There are 2 protein chains.
Amino acid sequence: MRGRVRAYAPSHITGFFEICENSNQKYMGSRGCGFTLQAGVTTEVTVDEGRGISVIINEANVEAPTTRSVVRKLASERLVEVLSKTDVPIGCGFGASGAGALSTALALSYAMSLNLSYNGAAEVAHVAEIENKTGLGDVIAQTQGGVIIRREPGAPGIGKVDKIPVKDLEINHVVLGDISTKDVLGDKRSKIRINRAGKAAIKELLKRPTIQNFMLLSKRFAIESGLMSDFGIEIVEAVESCGGMASMAMLGEVIFSIGGYEALKEFGPVRTYKIGHNGARLL
Amino acid sequence: MRGRVRAYAPSHITGFFEICENSNQKYMGSRGCGFTLQAGVTTEVTVDEGRGISVIINEANVEAPTTRSVVRKLASERLVEVLSKTDVPIGCGFGASGAGALSTALALSYAMSLNLSYNGAAEVAHVAEIENKTGLGDVIAQTQGGVIIRREPGAPGIGKVDKIPVKDLEINHVVLGDISTKDVLGDKRSKIRINRAGKAAIKELLKRPTIQNFMLLSKRFAIESGLMSDFGIEIVEAVESCGGMASMAMLGEVIFSIGGYEALKEFGPVRTYKIGHNGARLL
C-alpha cells in the first residue's frame, strides 16, 4: 500500500442530454454535451489496516453516497479516509459527485496498488453514479476535459466521446439553488420531454460542433425539456440582450454564460471559471 | 475565415507496438503503449485568398509531407502558411510528424470555420500519417495526453485507448540518431518480429498497467523485435545498473529513461522533459 495519495477531477456542466437506459450499469449513461471547468474536486485518500469509511468534504463529515460506493467497491477490507476539497457547490449541476467519486477511485486504486487502468478505475466511479442516481455522464466527460460531446453512453472506455475544439474561454455563472438529479430522473413525464429535446439537440450539434451552437442548443433544450424556470429564462434573456449567451446547468438551478458577466450581476453573486482542457488525474 | 490560429500538440514516445493493417486508413493504425511529453509542436496557420502551401518548421522551409497532406485535404483552394516550432527532434521517435499534422489540422479547421469536431480534425491528421507512412498511432495518443494504451487501432474516435494512471514523472533521454519509420515498416521480416513481440507486450501490460511494467515490457520489446542496437542495449543496461529503467523510442535511435540521468550522461547530452497529461488543443 502507498499511504496517502491525491487526485484531481474537474467539475463538469452539462448543457443538454438524453437519458440512455441499460440494465448493465457500465453501458447505461447519457448522450449530450457539456464542458469541464478548471475548478473541481481534489481528493486525498489514506488507507490503513482495519475497516471503515469516513468521507470529509470541505472539512465537514458528509454522507456522499457515491464516493462511499466507490470505497466499498475498491477497499471494503480497509480503513479508508477520504478528504475532498471542492471548488464548486454540490447538487447544483457541476458534477461534484462524479468528480468526488472519480478522484477517489483514481487515488484509491493507486494507493492500494490494485493494477487498475485509468478507465478501470473510472468505471467504478461511473457505476457508482448510476447506482446512486447522482449522474449519468459526468464521469466520462471528467476523464477527458474540454467541451465534450457524449456520442454514445457508458463508462469511460465504453461510451464514445468527441469534443468541440475551443480556445481558452471564461464561463460566468450564478447559483440560484440545487435540483435533485434523482427526483428529475425519477419522473416519467419529465424523462420523455428530456429525451425528445436531448435527441434533437445532439443531432443538431453534430452538424455544426461549435461553442456558439452548443450554447444555443443548450438554451433551447433547457426550455423545451421544461427544466428551466421562468426566472431562469428571464436571466438568460437578460444576458442575450447584452450580447452574451447563456443557459442552465443540467441538473442545477445555475445559469452559466459566455460574455454575460454584467447582466448576471443583477441576479446574484457571479463566479467566473476558465474552461478546463484537462481530465482527471493523480497528483 | 479567422486569419491566424494557433494550436499545440504534445510529442509522443512509443515503447512498444503492433502494426494493424487495414485497407481503410481510418481503421489502420497500431496497438501499443507510449507517453506524451509536455514538449511538443506549436503551430500557427495563416489562411489567405489564393492557392499554395508553405511549411516552415523552426524557421526553415521544409518538405513536411504529412503536414502538407493535411493542408491539401482541408484547404486546397487557399493560400496557406504553416509555421511550426518543435521542441523535439524530427525523425527520432518523438511523433513530431504526428504533432505537426495534428496541430495543423486543429488550427486550420478552426481558421477556416470548417465545422469539424475535434476528432474530425484529428482524423485528417491520422490519415495523413498513414498515407505518408510517418506514423501509426501517434495522433490518437496526442489527442489524449498521459501514458496511453492503444487497445484498438485507428483514428481518434475510432481507435480505443486507455491510460496508465501516473503521477508527475520526468523522462530523461539521449538522442543517438534517427530511423526512417517508412523503411522499418516496409520490411516484411521486421514487421513479423515487431508484431509478435508487440502482441505479447500489450497482453502483459493489460494484466498490470503500471509505469514500471510499461518500462520493462518496452525494453523486452525493443530487444525481441530486433529494433534496438547493441549500443542501445548497452545504454539501457548502464541505466539499470544505476537503479533506473530505460528503453528505446519507437522508431528513433533514442534511449529514454526514468531515473537514469547519471548513467545516460556518459553517452551524450541528456534532455529531461515531464510527461504531459494533456492532449492537443487550440491555443
# chains A, B, ... in the order shown; residues from 1 in each chain; ligands from 1

call {"tool": "closest_atom_pairs", "arguments": {"of": "region 21-42 of chain A", "to": "region 141-162 of chain A", "cutoff": "6 Å", "atoms": "only C-alpha atoms", "output": "tab-separated table"}}
result
residue	atom	partner	partner_atom	distance
A:Lys26	CA	A:Ala155	CA	5.2
A:Tyr27	CA	A:Gly154	CA	4.2
A:Met28	CA	A:Gly154	CA	5.2
A:Gly29	CA	A:Pro153	CA	4.7
A:Ser30	CA	A:Pro153	CA	4.8
A:Arg31	CA	A:Arg150	CA	4.9
A:Gly32	CA	A:Arg150	CA	5.1
A:Cys33	CA	A:Ile149	CA	4.4
A:Gly34	CA	A:Ile148	CA	5.6
A:Phe35	CA	A:Val147	CA	4.1
A:Thr36	CA	A:Gly145	CA	5.5

call {"tool": "write_last_selection", "arguments": {"atoms": "N, CA, C and O atoms", "output": "short mmCIF file (atom, residue, chain, number, x, y, z; two decimals), in the first residue's frame"}}
result
data_model
loop_
_atom_site.label_atom_id
_atom_site.label_comp_id
_atom_site.auth_asym_id
_atom_site.auth_seq_id
_atom_site.Cartn_x
_atom_site.Cartn_y
_atom_site.Cartn_z
N LYS A 26 -22.58 -0.37 -16.68
CA LYS A 26 -21.43 0.14 -17.44
C LYS A 26 -21.88 0.78 -18.75
O LYS A 26 -21.22 1.66 -19.28
N TYR A 27 -22.98 0.25 -19.31
CA TYR A 27 -23.46 0.73 -20.60
C TYR A 27 -24.52 1.80 -20.44
O TYR A 27 -24.85 2.50 -21.39
N MET A 28 -25.09 1.92 -19.25
CA MET A 28 -26.09 2.96 -19.02
C MET A 28 -25.38 4.32 -18.94
O MET A 28 -24.21 4.40 -18.59
N GLY A 29 -26.10 5.38 -19.28
CA GLY A 29 -25.49 6.71 -19.21
C GLY A 29 -26.32 7.70 -19.98
O GLY A 29 -27.55 7.66 -19.95
N SER A 30 -25.66 8.58 -20.69
CA SER A 30 -26.39 9.60 -21.44
C SER A 30 -25.61 10.01 -22.67
O SER A 30 -24.40 9.85 -22.74
N ARG A 31 -26.34 10.52 -23.66
CA ARG A 31 -25.72 11.28 -24.73
C ARG A 31 -25.89 12.75 -24.37
O ARG A 31 -26.81 13.10 -23.64
N GLY A 32 -25.04 13.59 -24.92
CA GLY A 32 -25.22 15.01 -24.64
C GLY A 32 -23.94 15.79 -24.82
O GLY A 32 -22.97 15.28 -25.39
N CYS A 33 -23.95 17.01 -24.33
CA CYS A 33 -22.75 17.84 -24.45
C CYS A 33 -22.61 18.76 -23.23
O CYS A 33 -23.61 19.25 -22.70
N GLY A 34 -21.38 18.94 -22.81
CA GLY A 34 -21.09 19.83 -21.68
C GLY A 34 -19.61 20.18 -21.67
O GLY A 34 -18.88 19.82 -22.60
N PHE A 35 -19.19 20.87 -20.63
CA PHE A 35 -17.78 21.28 -20.58
C PHE A 35 -17.26 21.12 -19.16
O PHE A 35 -18.01 21.21 -18.19
N THR A 36 -15.95 20.89 -19.05
CA THR A 36 -15.33 20.85 -17.72
C THR A 36 -14.75 22.22 -17.40
O THR A 36 -14.37 22.97 -18.30
#

call {"tool": "closest_atom_pairs", "arguments": {"of": "chain B", "to": "chain A", "cutoff": "6 Å", "atoms": "only C-alpha atoms", "output": "Markdown table"}}
result
| residue | atom | partner | partner_atom | distance |
| --- | --- | --- | --- | --- |
| B:Asn115 | CA | A:Arg208 | CA | 5.2 |
| B:Ser117 | CA | A:Ile164 | CA | 5.4 |
| B:Tyr118 | CA | A:Lys163 | CA | 5.1 |
| B:Asn119 | CA | A:Asp162 | CA | 5.9 |
| B:Asp162 | CA | A:Asn119 | CA | 5.9 |
| B:Lys163 | CA | A:Tyr118 | CA | 5.1 |
| B:Ile164 | CA | A:Ser117 | CA | 5.4 |
| B:Pro165 | CA | A:Tyr118 | CA | 5.3 |
| B:Lys167 | CA | A:Leu282 | CA | 5.3 |
| B:Arg208 | CA | A:Asn115 | CA | 5.2 |
| B:Pro209 | CA | A:Ser117 | CA | 5.6 |
| B:Asn278 | CA | A:Asn278 | CA | 5.8 |
| B:Leu282 | CA | A:Lys167 | CA | 5.3 |
| B:Leu283 | CA | A:Lys167 | CA | 5.5 |

call {"tool": "residues_around", "arguments": {"residues": "region 75-85 of chain A", "least_positions_apart": "5", "cutoff": "8 Å", "atoms": "only C-alpha atoms", "output": "PyMOL selection string"}}
result
chain A and resi 41-59+100+104+108

call {"tool": "write_last_selection", "arguments": {"atoms": "N, CA, C and O atoms", "output": "PDB file, in the first residue's frame"}}
result
ATOM      1  N   VAL A  41     -12.616  19.052  -7.985  1.00  0.00           N
ATOM      2  CA  VAL A  41     -12.506  18.406  -6.683  1.00  0.00           C
ATOM      3  C   VAL A  41     -11.120  17.783  -6.545  1.00  0.00           C
ATOM      4  O   VAL A  41     -10.651  17.094  -7.452  1.00  0.00           O
ATOM      5  N   THR A  42     -10.460  18.069  -5.436  1.00  0.00           N
ATOM      6  CA  THR A  42      -9.175  17.437  -5.131  1.00  0.00           C
ATOM      7  C   THR A  42      -9.381  16.524  -3.929  1.00  0.00           C
ATOM      8  O   THR A  42      -9.956  16.940  -2.920  1.00  0.00           O
ATOM      9  N   THR A  43      -8.943  15.296  -4.070  1.00  0.00           N
ATOM     10  CA  THR A  43      -9.193  14.298  -3.031  1.00  0.00           C
ATOM     11  C   THR A  43      -7.898  13.667  -2.562  1.00  0.00           C
ATOM     12  O   THR A  43      -7.026  13.347  -3.373  1.00  0.00           O
ATOM     13  N   GLU A  44      -7.798  13.506  -1.237  1.00  0.00           N
ATOM     14  CA  GLU A  44      -6.667  12.760  -0.682  1.00  0.00           C
ATOM     15  C   GLU A  44      -7.228  11.552   0.053  1.00  0.00           C
ATOM     16  O   GLU A  44      -8.135  11.702   0.867  1.00  0.00           O
ATOM     17  N   VAL A  45      -6.710  10.373  -0.273  1.00  0.00           N
ATOM     18  CA  VAL A  45      -7.181   9.188   0.447  1.00  0.00           C
ATOM     19  C   VAL A  45      -6.051   8.635   1.316  1.00  0.00           C
ATOM     20  O   VAL A  45      -4.874   8.716   0.964  1.00  0.00           O
ATOM     21  N   THR A  46      -6.444   8.111   2.451  1.00  0.00           N
ATOM     22  CA  THR A  46      -5.495   7.433   3.338  1.00  0.00           C
ATOM     23  C   THR A  46      -6.052   6.043   3.637  1.00  0.00           C
ATOM     24  O   THR A  46      -7.236   5.908   3.950  1.00  0.00           O
ATOM     25  N   VAL A  47      -5.200   5.047   3.466  1.00  0.00           N
ATOM     26  CA  VAL A  47      -5.638   3.667   3.664  1.00  0.00           C
ATOM     27  C   VAL A  47      -4.843   3.067   4.815  1.00  0.00           C
ATOM     28  O   VAL A  47      -3.622   3.179   4.854  1.00  0.00           O
ATOM     29  N   ASP A  48      -5.566   2.447   5.762  1.00  0.00           N
ATOM     30  CA  ASP A  48      -4.895   1.800   6.893  1.00  0.00           C
ATOM     31  C   ASP A  48      -5.468   0.404   7.121  1.00  0.00           C
ATOM     32  O   ASP A  48      -6.482   0.032   6.538  1.00  0.00           O
ATOM     33  N   GLU A  49      -4.800  -0.318   8.002  1.00  0.00           N
ATOM     34  CA  GLU A  49      -5.345  -1.606   8.433  1.00  0.00           C
ATOM     35  C   GLU A  49      -6.631  -1.340   9.210  1.00  0.00           C
ATOM     36  O   GLU A  49      -6.760  -0.314   9.868  1.00  0.00           O
ATOM     37  N   GLY A  50      -7.565  -2.261   9.147  1.00  0.00           N
ATOM     38  CA  GLY A  50      -8.832  -2.099   9.851  1.00  0.00           C
ATOM     39  C   GLY A  50      -9.955  -1.952   8.850  1.00  0.00           C
ATOM     40  O   GLY A  50      -9.739  -2.142   7.636  1.00  0.00           O
ATOM     41  N   ARG A  51     -11.140  -1.622   9.319  1.00  0.00           N
ATOM     42  CA  ARG A  51     -12.274  -1.466   8.410  1.00  0.00           C
ATOM     43  C   ARG A  51     -13.076  -0.234   8.764  1.00  0.00           C
ATOM     44  O   ARG A  51     -13.226   0.113   9.926  1.00  0.00           O
ATOM     45  N   GLY A  52     -13.619   0.417   7.720  1.00  0.00           N
ATOM     46  CA  GLY A  52     -14.463   1.582   7.970  1.00  0.00           C
ATOM     47  C   GLY A  52     -14.191   2.668   6.947  1.00  0.00           C
ATOM     48  O   GLY A  52     -13.137   2.671   6.309  1.00  0.00           O
ATOM     49  N   ILE A  53     -15.147   3.552   6.771  1.00  0.00           N
ATOM     50  CA  ILE A  53     -15.021   4.625   5.779  1.00  0.00           C
ATOM     51  C   ILE A  53     -15.395   5.945   6.425  1.00  0.00           C
ATOM     52  O   ILE A  53     -16.439   6.040   7.081  1.00  0.00           O
ATOM     53  N   SER A  54     -14.543   6.958   6.269  1.00  0.00           N
ATOM     54  CA  SER A  54     -15.021   8.301   6.597  1.00  0.00           C
ATOM     55  C   SER A  54     -14.792   9.200   5.393  1.00  0.00           C
ATOM     56  O   SER A  54     -13.767   9.108   4.717  1.00  0.00           O
ATOM     57  N   VAL A  55     -15.792  10.021   5.104  1.00  0.00           N
ATOM     58  CA  VAL A  55     -15.687  10.953   3.972  1.00  0.00           C
ATOM     59  C   VAL A  55     -15.865  12.365   4.516  1.00  0.00           C
ATOM     60  O   VAL A  55     -16.858  12.675   5.178  1.00  0.00           O
ATOM     61  N   ILE A  56     -14.873  13.180   4.251  1.00  0.00           N
ATOM     62  CA  ILE A  56     -14.899  14.565   4.730  1.00  0.00           C
ATOM     63  C   ILE A  56     -14.770  15.479   3.511  1.00  0.00           C
ATOM     64  O   ILE A  56     -13.801  15.385   2.759  1.00  0.00           O
ATOM     65  N   ILE A  57     -15.779  16.317   3.298  1.00  0.00           N
ATOM     66  CA  ILE A  57     -15.736  17.242   2.163  1.00  0.00           C
ATOM     67  C   ILE A  57     -15.711  18.660   2.706  1.00  0.00           C
ATOM     68  O   ILE A  57     -16.592  19.041   3.480  1.00  0.00           O
ATOM     69  N   ASN A  58     -14.728  19.435   2.269  1.00  0.00           N
ATOM     70  CA  ASN A  58     -14.561  20.817   2.756  1.00  0.00           C
ATOM     71  C   ASN A  58     -14.660  20.876   4.287  1.00  0.00           C
ATOM     72  O   ASN A  58     -15.382  21.700   4.851  1.00  0.00           O
ATOM     73  N   GLU A  59     -13.991  19.936   4.916  1.00  0.00           N
ATOM     74  CA  GLU A  59     -13.879  19.889   6.378  1.00  0.00           C
ATOM     75  C   GLU A  59     -15.146  19.500   7.136  1.00  0.00           C
ATOM     76  O   GLU A  59     -15.201  19.612   8.358  1.00  0.00           O
ATOM     77  N   GLY A 100     -15.970  13.852  -7.245  1.00  0.00           N
ATOM     78  CA  GLY A 100     -15.568  13.257  -5.975  1.00  0.00           C
ATOM     79  C   GLY A 100     -15.328  11.757  -6.126  1.00  0.00           C
ATOM     80  O   GLY A 100     -14.314  11.224  -5.646  1.00  0.00           O
ATOM     81  N   THR A 104     -11.620   9.946  -6.091  1.00  0.00           N
ATOM     82  CA  THR A 104     -11.464   8.909  -5.063  1.00  0.00           C
ATOM     83  C   THR A 104     -11.049   7.578  -5.692  1.00  0.00           C
ATOM     84  O   THR A 104     -10.143   6.894  -5.192  1.00  0.00           O
ATOM     85  N   LEU A 108      -7.563   5.893  -4.799  1.00  0.00           N
ATOM     86  CA  LEU A 108      -7.661   4.677  -4.004  1.00  0.00           C
ATOM     87  C   LEU A 108      -7.052   3.475  -4.738  1.00  0.00           C
ATOM     88  O   LEU A 108      -6.340   2.661  -4.129  1.00  0.00           O
TER      89      LEU A 108
END

call {"tool": "select_by_dssp", "arguments": {"residues": "region 161-268 of chain B", "states": "strand (DSSP E or B)", "output": "list of chain:residue names"}}
result
B:Val161, B:Asp162, B:Lys163, B:Ile164, B:Glu170, B:Ile171, B:Asn172, B:His173, B:Val174, B:Val175, B:Leu176, B:Gly177, B:Met245, B:Ala246, B:Ser247, B:Met248, B:Met250, B:Glu253, B:Val254, B:Ile255, B:Phe256, B:Ser257, B:Ile258

call {"tool": "residues_around", "arguments": {"residues": "Gly268 (chain A)", "least_positions_apart": "5", "cutoff": "8 Å", "atoms": "only C-alpha atoms", "output": "list in words"}}
result
Val174, Val175 and Leu176 of chain A

call {"tool": "closest_residue", "arguments": {"among": "A:Glu253, A:Ile19, A:Lys265, A:Ala111", "to": "Arg4 (chain A)", "atoms": "only C-alpha atoms"}}
result
A:Ala111

call {"tool": "closest_residue", "arguments": {"among": "A:Arg271, A:Lys199, A:His12, A:Arg72", "to": "Ala99 (chain A)", "atoms": "only C-alpha atoms"}}
result
A:His12

call {"tool": "residues_around", "arguments": {"residues": "region 235-246 of chain B", "least_positions_apart": "3", "cutoff": "12 Å", "atoms": "only C-alpha atoms", "output": "number ranges by chain"}}
result
B: 15, 170-176, 211-223, 228-232, 249, 253-268

call {"tool": "atom_distance", "arguments": {"atom1": "CA of Ile275 (chain B)", "atom2": "CA of Glu21 (chain B)"}}
result
29.2 Å

call {"tool": "select_by_dssp", "arguments": {"residues": "region 85-227 of chain B", "states": "alpha helix (DSSP H)", "output": "JSON, numbers by chain"}}
result
{"B": [96, 97, 98, 99, 100, 101, 102, 103, 104, 105, 106, 107, 108, 109, 110, 111, 118, 119, 120, 121, 122, 123, 124, 125, 126, 127, 128, 129, 130, 131, 132, 138, 139, 140, 141, 142, 143, 144, 181, 182, 183, 184, 185, 186, 188, 189, 190, 191, 192, 193, 194, 195, 196, 197, 198, 199, 200, 201, 202, 203, 204, 205, 206, 207, 211, 212, 213, 214, 215, 216, 217, 218, 219, 220, 221, 222, 223, 224]}

call {"tool": "residues_around", "arguments": {"residues": "Lys73 (chain B)", "least_positions_apart": "4", "cutoff": "9 Å", "atoms": "only C-alpha atoms", "output": "NGL selection string"}}
result
:B and (68-69 or 124 or 128)

call {"tool": "write_last_selection", "arguments": {"atoms": "all heavy atoms", "output": "PDB file, in the first residue's frame"}}
result
ATOM      1  N   ARG B  68       1.737  18.716 -45.139  1.00  0.00           N
ATOM      2  CA  ARG B  68       1.234  19.155 -46.450  1.00  0.00           C
ATOM      3  C   ARG B  68      -0.028  18.398 -46.849  1.00  0.00           C
ATOM      4  O   ARG B  68      -0.957  18.962 -47.449  1.00  0.00           O
ATOM      5  CB  ARG B  68       2.304  18.966 -47.527  1.00  0.00           C
ATOM      6  CG  ARG B  68       3.175  20.184 -47.694  1.00  0.00           C
ATOM      7  CD  ARG B  68       4.334  19.958 -48.633  1.00  0.00           C
ATOM      8  NE  ARG B  68       5.395  20.865 -48.239  1.00  0.00           N
ATOM      9  CZ  ARG B  68       5.541  22.106 -48.744  1.00  0.00           C
ATOM     10  NH1 ARG B  68       4.732  22.540 -49.677  1.00  0.00           N
ATOM     11  NH2 ARG B  68       6.498  22.885 -48.314  1.00  0.00           N
ATOM     12  N   SER B  69      -0.069  17.094 -46.564  1.00  0.00           N
ATOM     13  CA  SER B  69      -1.276  16.316 -46.875  1.00  0.00           C
ATOM     14  C   SER B  69      -2.486  16.882 -46.146  1.00  0.00           C
ATOM     15  O   SER B  69      -3.582  16.966 -46.705  1.00  0.00           O
ATOM     16  CB  SER B  69      -1.102  14.849 -46.443  1.00  0.00           C
ATOM     17  OG  SER B  69      -0.130  14.202 -47.214  1.00  0.00           O
ATOM     18  N   VAL B 124      -8.130  13.656 -39.900  1.00  0.00           N
ATOM     19  CA  VAL B 124      -7.398  14.101 -41.095  1.00  0.00           C
ATOM     20  C   VAL B 124      -5.888  13.935 -40.869  1.00  0.00           C
ATOM     21  O   VAL B 124      -5.149  13.494 -41.753  1.00  0.00           O
ATOM     22  CB  VAL B 124      -7.751  15.571 -41.431  1.00  0.00           C
ATOM     23  CG1 VAL B 124      -6.898  16.092 -42.589  1.00  0.00           C
ATOM     24  CG2 VAL B 124      -9.233  15.691 -41.765  1.00  0.00           C
ATOM     25  N   ALA B 128      -3.357  11.290 -42.791  1.00  0.00           N
ATOM     26  CA  ALA B 128      -2.160  11.833 -43.448  1.00  0.00           C
ATOM     27  C   ALA B 128      -0.908  11.068 -43.002  1.00  0.00           C
ATOM     28  O   ALA B 128       0.001  10.817 -43.806  1.00  0.00           O
ATOM     29  CB  ALA B 128      -2.016  13.325 -43.130  1.00  0.00           C
TER      30      ALA B 128
END

call {"tool": "atom_distance", "arguments": {"atom1": "CA of Ala122 (chain A)", "atom2": "CA of Thr181 (chain A)"}}
result
20.4 Å

call {"tool": "atom_distance", "arguments": {"atom1": "CA of Pro89 (chain A)", "atom2": "CA of Ser190 (chain A)"}}
result
24.3 Å

call {"tool": "decode", "arguments": {"residues": "region 204-235 of chain A", "atoms": "N, CA and C atoms", "output": "JSON list (two decimals), in the first residue's frame"}}
result
[["chain", "number", "residue", "atom", "x", "y", "z"],
["A", 204, "GLU", "N", -28.45, 18.17, -33.97],
["A", 204, "GLU", "CA", -28.11, 19.50, -34.49],
["A", 204, "GLU", "C", -26.65, 19.86, -34.22],
["A", 205, "LEU", "N", -26.17, 19.50, -33.02],
["A", 205, "LEU", "CA", -24.80, 19.86, -32.65],
["A", 205, "LEU", "C", -23.78, 19.20, -33.56],
["A", 206, "LEU", "N", -24.04, 17.93, -33.90],
["A", 206, "LEU", "CA", -23.06, 17.20, -34.71],
["A", 206, "LEU", "C", -22.94, 17.79, -36.12],
["A", 207, "LYS", "N", -23.98, 18.49, -36.58],
["A", 207, "LYS", "CA", -23.89, 19.14, -37.89],
["A", 207, "LYS", "C", -22.96, 20.35, -37.84],
["A", 208, "ARG", "N", -22.93, 21.00, -36.66],
["A", 208, "ARG", "CA", -22.10, 22.22, -36.55],
["A", 208, "ARG", "C", -21.55, 22.28, -35.13],
["A", 209, "PRO", "N", -20.45, 21.55, -34.87],
["A", 209, "PRO", "CA", -19.92, 21.44, -33.50],
["A", 209, "PRO", "C", -19.09, 22.66, -33.10],
["A", 210, "THR", "N", -19.78, 23.77, -32.85],
["A", 210, "THR", "CA", -19.11, 24.98, -32.40],
["A", 210, "THR", "C", -19.65, 25.35, -31.02],
["A", 211, "ILE", "N", -18.91, 26.17, -30.30],
["A", 211, "ILE", "CA", -19.32, 26.54, -28.94],
["A", 211, "ILE", "C", -20.58, 27.42, -28.98],
["A", 212, "GLN", "N", -20.68, 28.24, -30.00],
["A", 212, "GLN", "CA", -21.88, 29.09, -30.13],
["A", 212, "GLN", "C", -23.13, 28.22, -30.32],
["A", 213, "ASN", "N", -23.00, 27.22, -31.19],
["A", 213, "ASN", "CA", -24.13, 26.33, -31.43],
["A", 213, "ASN", "C", -24.47, 25.54, -30.17],
["A", 214, "PHE", "N", -23.44, 25.14, -29.43],
["A", 214, "PHE", "CA", -23.68, 24.43, -28.16],
["A", 214, "PHE", "C", -24.50, 25.30, -27.20],
["A", 215, "MET", "N", -24.15, 26.56, -27.08],
["A", 215, "MET", "CA", -24.86, 27.46, -26.16],
["A", 215, "MET", "C", -26.33, 27.63, -26.60],
["A", 216, "LEU", "N", -26.52, 27.80, -27.88],
["A", 216, "LEU", "CA", -27.87, 27.98, -28.44],
["A", 216, "LEU", "C", -28.73, 26.73, -28.21],
["A", 217, "LEU", "N", -28.15, 25.57, -28.49],
["A", 217, "LEU", "CA", -28.89, 24.32, -28.35],
["A", 217, "LEU", "C", -29.16, 24.01, -26.87],
["A", 218, "SER", "N", -28.24, 24.42, -25.99],
["A", 218, "SER", "CA", -28.44, 24.21, -24.56],
["A", 218, "SER", "C", -29.65, 25.01, -24.08],
["A", 219, "LYS", "N", -29.73, 26.25, -24.53],
["A", 219, "LYS", "CA", -30.87, 27.09, -24.13],
["A", 219, "LYS", "C", -32.18, 26.49, -24.64],
["A", 220, "ARG", "N", -32.17, 26.10, -25.91],
["A", 220, "ARG", "CA", -33.38, 25.52, -26.48],
["A", 220, "ARG", "C", -33.79, 24.27, -25.70],
["A", 221, "PHE", "N", -32.79, 23.44, -25.35],
["A", 221, "PHE", "CA", -33.07, 22.21, -24.58],
["A", 221, "PHE", "C", -33.64, 22.54, -23.20],
["A", 222, "ALA", "N", -33.05, 23.52, -22.54],
["A", 222, "ALA", "CA", -33.49, 23.86, -21.18],
["A", 222, "ALA", "C", -34.95, 24.31, -21.17],
["A", 223, "ILE", "N", -35.35, 25.01, -22.23],
["A", 223, "ILE", "CA", -36.74, 25.47, -22.33],
["A", 223, "ILE", "C", -37.66, 24.31, -22.73],
["A", 224, "GLU", "N", -37.28, 23.60, -23.82],
["A", 224, "GLU", "CA", -38.16, 22.55, -24.34],
["A", 224, "GLU", "C", -38.33, 21.38, -23.37],
["A", 225, "SER", "N", -37.30, 21.09, -22.59],
["A", 225, "SER", "CA", -37.39, 19.99, -21.63],
["A", 225, "SER", "C", -38.24, 20.37, -20.42],
["A", 226, "GLY", "N", -38.53, 21.65, -20.29],
["A", 226, "GLY", "CA", -39.31, 22.11, -19.14],
["A", 226, "GLY", "C", -38.49, 22.24, -17.87],
["A", 227, "LEU", "N", -37.16, 22.10, -17.98],
["A", 227, "LEU", "CA", -36.33, 22.11, -16.77],
["A", 227, "LEU", "C", -35.98, 23.52, -16.29],
["A", 228, "MET", "N", -36.02, 24.49, -17.18],
["A", 228, "MET", "CA", -35.64, 25.85, -16.78],
["A", 228, "MET", "C", -36.88, 26.62, -16.32],
["A", 229, "SER", "N", -36.76, 27.24, -15.17],
["A", 229, "SER", "CA", -37.88, 28.02, -14.62],
["A", 229, "SER", "C", -38.04, 29.33, -15.38],
["A", 230, "ASP", "N", -39.16, 30.00, -15.16],
["A", 230, "ASP", "CA", -39.38, 31.31, -15.80],
["A", 230, "ASP", "C", -38.30, 32.31, -15.37],
["A", 231, "PHE", "N", -37.89, 32.20, -14.12],
["A", 231, "PHE", "CA", -36.84, 33.09, -13.63],
["A", 231, "PHE", "C", -35.53, 32.82, -14.38],
["A", 232, "GLY", "N", -35.23, 31.55, -14.62],
["A", 232, "GLY", "CA", -34.05, 31.18, -15.39],
["A", 232, "GLY", "C", -34.10, 31.79, -16.78],
["A", 233, "ILE", "N", -35.24, 31.66, -17.42],
["A", 233, "ILE", "CA", -35.40, 32.21, -18.79],
["A", 233, "ILE", "C", -35.19, 33.72, -18.78],
["A", 234, "GLU", "N", -35.70, 34.35, -17.74],
["A", 234, "GLU", "CA", -35.53, 35.81, -17.61],
["A", 234, "GLU", "C", -34.03, 36.19, -17.58],
["A", 235, "ILE", "N", -33.26, 35.41, -16.81],
["A", 235, "ILE", "CA", -31.82, 35.70, -16.70],
["A", 235, "ILE", "C", -31.12, 35.48, -18.04]]
